[in-house]
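Just my_file16.cif here, mmCIF, C-alpha atoms:
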data_entry
loop_
_atom_site.label_atom_id
_atom_site.label_comp_id
_atom_site.auth_asym_id
_atom_site.auth_seq_id
_atom_site.Cartn_x
_atom_site.Cartn_y
_atom_site.Cartn_z
CA MET A 1 121.91 80.88 137.82
CA ASP A 2 118.97 79.51 139.71
CA GLU A 3 120.24 78.24 143.06
CA ASN A 4 117.44 75.66 143.21
CA TYR A 5 119.04 73.68 140.39
CA ILE A 6 122.29 71.72 140.32
CA SER A 7 125.11 72.80 138.02
CA ILE A 8 127.86 70.70 136.52
CA PRO A 9 131.23 72.30 137.40
CA ALA A 10 133.24 73.98 134.65
CA ALA A 11 135.66 71.66 132.86
CA ASP A 12 137.88 71.51 129.78
CA GLY A 13 137.53 75.22 129.16
CA CYS A 14 133.73 75.05 129.19
CA PRO A 15 131.63 76.89 131.75
CA SER A 16 129.48 75.19 134.33
CA LEU A 17 126.23 73.83 132.95
CA LEU A 18 122.90 74.17 134.70
CA THR A 19 120.74 71.06 134.93
CA PRO A 20 116.97 70.87 135.29
CA TRP A 21 117.40 68.89 138.54
CA SER A 22 116.95 70.11 142.10
CA SER A 23 119.43 69.48 144.93
CA GLU A 24 117.52 66.31 145.80
CA PHE A 25 119.26 64.69 142.82
CA SER A 26 122.71 66.11 143.53
CA PRO A 27 124.28 62.74 144.48
CA MET A 28 123.13 61.12 141.25
CA ILE A 29 124.33 64.01 139.11
CA GLU A 30 127.69 64.14 140.88
CA ARG A 31 128.11 60.40 140.42
CA GLY A 32 127.37 60.79 136.70
CA VAL A 33 130.01 63.50 136.38
CA GLN A 34 132.54 61.39 138.31
CA CYS A 35 131.83 58.30 136.23
CA ALA A 36 132.24 60.18 132.95
CA GLN A 37 135.41 61.87 134.19
CA SER A 38 136.89 58.52 135.19
CA TRP A 39 136.17 57.18 131.72
CA LEU A 40 137.73 60.26 130.13
CA ASP A 41 140.82 60.08 132.35
CA ALA A 42 141.52 56.41 131.72
CA PRO A 43 140.50 55.63 128.17
CA GLY A 44 140.79 51.97 127.53
CA GLU A 45 138.88 49.23 125.90
CA ILE A 46 135.57 49.87 127.63
CA PRO A 47 133.21 51.64 125.20
CA LEU A 48 131.51 54.80 126.45
CA TRP A 49 128.02 53.35 125.91
CA TRP A 50 128.90 50.32 128.08
CA GLU A 51 130.21 52.51 130.90
CA LEU A 52 127.01 54.53 130.87
CA ALA A 53 124.71 51.51 130.61
CA GLN A 54 126.37 49.63 133.45
CA ALA A 55 126.76 52.55 135.83
CA ARG A 56 123.18 53.75 135.43
CA LYS A 57 121.94 50.36 136.66
CA THR A 58 123.20 51.25 140.13
CA PHE A 59 120.33 53.73 140.49
CA PRO A 60 116.60 53.09 140.70
CA VAL A 61 114.71 53.34 137.40
CA GLY A 62 113.18 56.74 136.72
CA ASP A 63 114.34 60.16 137.86
CA CYS A 64 117.43 58.83 139.65
CA GLN A 65 118.75 57.21 136.48
CA ASP A 66 117.83 60.26 134.43
CA ALA A 67 119.71 62.56 136.83
CA PHE A 68 122.76 60.28 136.69
CA GLU A 69 122.66 60.34 132.89
CA THR A 70 122.38 64.13 132.94
CA GLY A 71 125.61 64.44 134.92
CA PHE A 72 127.35 61.83 132.79
CA LEU A 73 126.36 63.27 129.42
CA LEU A 74 126.87 66.91 130.34
CA ARG A 75 130.43 66.10 131.43
CA ILE A 76 131.06 64.38 128.07
CA GLN A 77 129.48 67.39 126.33
CA GLN A 78 131.92 69.71 128.07
CA ARG A 79 134.86 67.64 126.82
CA LEU A 80 133.53 67.63 123.28
CA ARG A 81 132.95 71.36 123.27
CA GLY A 82 136.36 71.99 124.78
CA ALA A 83 138.01 69.86 122.10
CA SER A 84 136.29 71.75 119.29
CA GLN A 85 137.41 75.19 120.46
#
The structure given in the file should be rewritten as structure tokens.
Amino acid sequence: MDENYISIPAADGCPSLLTPWSSEFSPMIERGVQCAQSWLDAPGEIPLWWELAQARKTFPVGDCQDAFETGFLLRIQQRLRGASQ
């Protein structure tokens, strides 16, 4: 793996996933992973799209929001892939 890019930690039986983002965006990516994991751990009445839409607003428009979304969606992807195995 390229050490200049941030990886999403392994989860749900899926390996870590490399992102196209440098360490500069690590806090946004980590927050995306945490937000998605919180949603996965406590499923309730809040739709996934709403969780993503509201949480992304806490970051400036542009690369920061995109990095957050990367972390969020890759964590969801890991869960989906783990469930299909």
Answer key for the PyMOL selection byres ((chain A and resi 64) around 12), residues as an NGL selection string: :A and (21-22 or 24-32 or 55-63 or 65-71)
Around region 54-73 of chain A, with edges along x, y and z and 3 Å added on all six sides, what centre and edge lengths do you get, in Å to one decimal, as AutoDock Vina command-line options?
--center_x 120.3 --center_y 57.0 --center_z 135.1 --size_x 20.2 --size_y 20.8 --size_z 17.3
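Minimum atom-to-atom distances from A:Ile76, A:Ile6, A:Ala83, A:Leu48 to Val33 (chain A) were compared using all atoms listed in the file, and the lowest value belongs to A:Ile76.
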With all atoms listed in the file as the counted atoms, please give the residues lying no more than 7 Å from Gly82 (chain A), apart from itself and same-chain residues fewer than 2 positions off, as an mmCIF file with C-alpha atoms, keeping the file's coordinate frame.
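Once everything was written out, this is selection-v1.cif:
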data_model
loop_
_atom_site.group_PDB
_atom_site.id
_atom_site.type_symbol
_atom_site.label_atom_id
_atom_site.label_comp_id
_atom_site.auth_asym_id
_atom_site.auth_seq_id
_atom_site.Cartn_x
_atom_site.Cartn_y
_atom_site.Cartn_z
ATOM 1 C CA ASP A 12 137.880 71.510 129.780
ATOM 2 C CA GLY A 13 137.530 75.220 129.160
ATOM 3 C CA CYS A 14 133.730 75.050 129.190
ATOM 4 C CA GLN A 78 131.920 69.710 128.070
ATOM 5 C CA ARG A 79 134.860 67.640 126.820
ATOM 6 C CA LEU A 80 133.530 67.630 123.280
ATOM 7 C CA SER A 84 136.290 71.750 119.290
ATOM 8 C CA GLN A 85 137.410 75.190 120.460
#
For CA of Asn4 (chain A) and CA of Leu40 (chain A), the interatomic separation in Å (one decimal): 28.6 Å
Computed interatomic separation between CA of Leu52 (chain A) and CA of Trp39 (chain A) (Å): 9.6 Å
Using all atoms listed in the file: which of A:Ser7, A:Gln54, A:Gln77, A:Gln37 has the shortest distance to Thr19 (chain A): A:Ser7
Length of the CA of Ser16 (chain A) to CA of Arg75 (chain A) vector [Å]: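 These atoms are spaced 9.6 Å apart.
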Minimum-distance residue to Ala53 (chain A), chosen among A:Cys35, A:Arg81, A:Pro9, A:Leu18 (using all atoms listed in the file): A:Cys35
Please complete region 32-68 of chain A so it has N, CA and C atoms, and hand it over as a PDB file, in the coordinates of the input.
ATOM      1  N   GLY A  32     127.289  60.814 138.158  1.00  0.00           N
ATOM      2  CA  GLY A  32     127.370  60.790 136.700  1.00  0.00           C
ATOM      3  C   GLY A  32     128.589  61.538 136.190  1.00  0.00           C
ATOM      4  N   VAL A  33     128.842  62.708 136.765  1.00  0.00           N
ATOM      5  CA  VAL A  33     130.010  63.500 136.380  1.00  0.00           C
ATOM      6  C   VAL A  33     131.283  62.726 136.702  1.00  0.00           C
ATOM      7  N   GLN A  34     131.356  62.152 137.897  1.00  0.00           N
ATOM      8  CA  GLN A  34     132.540  61.390 138.310  1.00  0.00           C
ATOM      9  C   GLN A  34     132.783  60.182 137.405  1.00  0.00           C
ATOM     10  N   CYS A  35     131.721  59.490 137.080  1.00  0.00           N
ATOM     11  CA  CYS A  35     131.830  58.300 136.230  1.00  0.00           C
ATOM     12  C   CYS A  35     132.346  58.673 134.842  1.00  0.00           C
ATOM     13  N   ALA A  36     131.786  59.726 134.273  1.00  0.00           N
ATOM     14  CA  ALA A  36     132.240  60.180 132.950  1.00  0.00           C
ATOM     15  C   ALA A  36     133.683  60.653 133.015  1.00  0.00           C
ATOM     16  N   GLN A  37     134.032  61.379 134.060  1.00  0.00           N
ATOM     17  CA  GLN A  37     135.410  61.870 134.190  1.00  0.00           C
ATOM     18  C   GLN A  37     136.385  60.717 134.318  1.00  0.00           C
ATOM     19  N   SER A  38     136.020  59.694 135.054  1.00  0.00           N
ATOM     20  CA  SER A  38     136.890  58.520 135.190  1.00  0.00           C
ATOM     21  C   SER A  38     137.107  57.854 133.832  1.00  0.00           C
ATOM     22  N   TRP A  39     136.045  57.765 133.052  1.00  0.00           N
ATOM     23  CA  TRP A  39     136.170  57.180 131.720  1.00  0.00           C
ATOM     24  C   TRP A  39     137.077  58.039 130.836  1.00  0.00           C
ATOM     25  N   LEU A  40     136.915  59.350 130.923  1.00  0.00           N
ATOM     26  CA  LEU A  40     137.730  60.260 130.130  1.00  0.00           C
ATOM     27  C   LEU A  40     139.201  60.217 130.540  1.00  0.00           C
ATOM     28  N   ASP A  41     139.450  60.069 131.831  1.00  0.00           N
ATOM     29  CA  ASP A  41     140.820  60.080 132.350  1.00  0.00           C
ATOM     30  C   ASP A  41     141.582  58.796 132.061  1.00  0.00           C
ATOM     31  N   ALA A  42     140.864  57.704 131.911  1.00  0.00           N
ATOM     32  CA  ALA A  42     141.520  56.410 131.720  1.00  0.00           C
ATOM     33  C   ALA A  42     140.927  55.686 130.516  1.00  0.00           C
ATOM     34  N   PRO A  43     141.076  56.293 129.333  1.00  0.00           N
ATOM     35  CA  PRO A  43     140.500  55.630 128.170  1.00  0.00           C
ATOM     36  C   PRO A  43     141.145  54.261 127.963  1.00  0.00           C
ATOM     37  N   GLY A  44     140.307  53.325 127.724  1.00  0.00           N
ATOM     38  CA  GLY A  44     140.790  51.970 127.530  1.00  0.00           C
ATOM     39  C   GLY A  44     139.909  51.263 126.533  1.00  0.00           C
ATOM     40  N   GLU A  45     139.663  50.031 126.820  1.00  0.00           N
ATOM     41  CA  GLU A  45     138.880  49.230 125.900  1.00  0.00           C
ATOM     42  C   GLU A  45     137.390  49.242 126.185  1.00  0.00           C
ATOM     43  N   ILE A  46     136.987  49.834 127.292  1.00  0.00           N
ATOM     44  CA  ILE A  46     135.570  49.870 127.630  1.00  0.00           C
ATOM     45  C   ILE A  46     134.888  50.970 126.817  1.00  0.00           C
ATOM     46  N   PRO A  47     133.911  50.620 125.990  1.00  0.00           N
ATOM     47  CA  PRO A  47     133.210  51.640 125.200  1.00  0.00           C
ATOM     48  C   PRO A  47     132.399  52.579 126.105  1.00  0.00           C
ATOM     49  N   LEU A  48     132.256  53.803 125.677  1.00  0.00           N
ATOM     50  CA  LEU A  48     131.510  54.800 126.450  1.00  0.00           C
ATOM     51  C   LEU A  48     130.086  54.333 126.723  1.00  0.00           C
ATOM     52  N   TRP A  49     129.419  53.778 125.727  1.00  0.00           N
ATOM     53  CA  TRP A  49     128.020  53.350 125.910  1.00  0.00           C
ATOM     54  C   TRP A  49     127.931  52.275 126.989  1.00  0.00           C
ATOM     55  N   TRP A  50     128.922  51.393 127.075  1.00  0.00           N
ATOM     56  CA  TRP A  50     128.900  50.320 128.080  1.00  0.00           C
ATOM     57  C   TRP A  50     129.083  50.905 129.481  1.00  0.00           C
ATOM     58  N   GLU A  51     129.995  51.854 129.615  1.00  0.00           N
ATOM     59  CA  GLU A  51     130.210  52.510 130.900  1.00  0.00           C
ATOM     60  C   GLU A  51     128.924  53.164 131.391  1.00  0.00           C
ATOM     61  N   LEU A  52     128.265  53.883 130.512  1.00  0.00           N
ATOM     62  CA  LEU A  52     127.010  54.530 130.870  1.00  0.00           C
ATOM     63  C   LEU A  52     125.935  53.506 131.226  1.00  0.00           C
ATOM     64  N   ALA A  53     125.770  52.502 130.396  1.00  0.00           N
ATOM     65  CA  ALA A  53     124.710  51.510 130.610  1.00  0.00           C
ATOM     66  C   ALA A  53     124.901  50.748 131.921  1.00  0.00           C
ATOM     67  N   GLN A  54     126.132  50.389 132.237  1.00  0.00           N
ATOM     68  CA  GLN A  54     126.370  49.630 133.450  1.00  0.00           C
ATOM     69  C   GLN A  54     126.259  50.480 134.711  1.00  0.00           C
ATOM     70  N   ALA A  55     126.788  51.683 134.660  1.00  0.00           N
ATOM     71  CA  ALA A  55     126.760  52.550 135.830  1.00  0.00           C
ATOM     72  C   ALA A  55     125.347  53.024 136.166  1.00  0.00           C
ATOM     73  N   ARG A  56     124.537  53.250 135.167  1.00  0.00           N
ATOM     74  CA  ARG A  56     123.180  53.750 135.430  1.00  0.00           C
ATOM     75  C   ARG A  56     122.332  52.711 136.145  1.00  0.00           C
ATOM     76  N   LYS A  57     122.694  51.432 136.001  1.00  0.00           N
ATOM     77  CA  LYS A  57     121.940  50.360 136.660  1.00  0.00           C
ATOM     78  C   LYS A  57     122.076  50.396 138.182  1.00  0.00           C
ATOM     79  N   THR A  58     123.020  51.167 138.686  1.00  0.00           N
ATOM     80  CA  THR A  58     123.200  51.250 140.130  1.00  0.00           C
ATOM     81  C   THR A  58     122.186  52.180 140.797  1.00  0.00           C
ATOM     82  N   PHE A  59     121.359  52.834 139.984  1.00  0.00           N
ATOM     83  CA  PHE A  59     120.330  53.730 140.490  1.00  0.00           C
ATOM     84  C   PHE A  59     118.945  53.197 140.166  1.00  0.00           C
ATOM     85  N   PRO A  60     117.962  53.522 141.001  1.00  0.00           N
ATOM     86  CA  PRO A  60     116.600  53.090 140.700  1.00  0.00           C
ATOM     87  C   PRO A  60     116.114  53.672 139.367  1.00  0.00           C
ATOM     88  N   VAL A  61     115.281  52.910 138.678  1.00  0.00           N
ATOM     89  CA  VAL A  61     114.710  53.340 137.400  1.00  0.00           C
ATOM     90  C   VAL A  61     113.890  54.611 137.623  1.00  0.00           C
ATOM     91  N   GLY A  62     113.969  55.510 136.670  1.00  0.00           N
ATOM     92  CA  GLY A  62     113.180  56.740 136.720  1.00  0.00           C
ATOM     93  C   GLY A  62     114.071  57.954 136.880  1.00  0.00           C
ATOM     94  N   ASP A  63     113.639  58.885 137.705  1.00  0.00           N
ATOM     95  CA  ASP A  63     114.340  60.160 137.860  1.00  0.00           C
ATOM     96  C   ASP A  63     115.785  59.994 138.314  1.00  0.00           C
ATOM     97  N   CYS A  64     116.056  59.026 139.164  1.00  0.00           N
ATOM     98  CA  CYS A  64     117.430  58.830 139.650  1.00  0.00           C
ATOM     99  C   CYS A  64     118.362  58.461 138.502  1.00  0.00           C
ATOM    100  N   GLN A  65     117.935  57.558 137.641  1.00  0.00           N
ATOM    101  CA  GLN A  65     118.750  57.210 136.480  1.00  0.00           C
ATOM    102  C   GLN A  65     118.869  58.388 135.525  1.00  0.00           C
ATOM    103  N   ASP A  66     117.794  59.109 135.333  1.00  0.00           N
ATOM    104  CA  ASP A  66     117.830  60.260 134.430  1.00  0.00           C
ATOM    105  C   ASP A  66     118.791  61.335 134.944  1.00  0.00           C
ATOM    106  N   ALA A  67     118.788  61.575 136.245  1.00  0.00           N
ATOM    107  CA  ALA A  67     119.710  62.560 136.830  1.00  0.00           C
ATOM    108  C   ALA A  67     121.155  62.109 136.671  1.00  0.00           C
ATOM    109  N   PHE A  68     121.422  60.821 136.894  1.00  0.00           N
ATOM    110  CA  PHE A  68     122.760  60.280 136.690  1.00  0.00           C
ATOM    111  C   PHE A  68     123.201  60.507 135.241  1.00  0.00           C
TER     112      PHE A  68
END
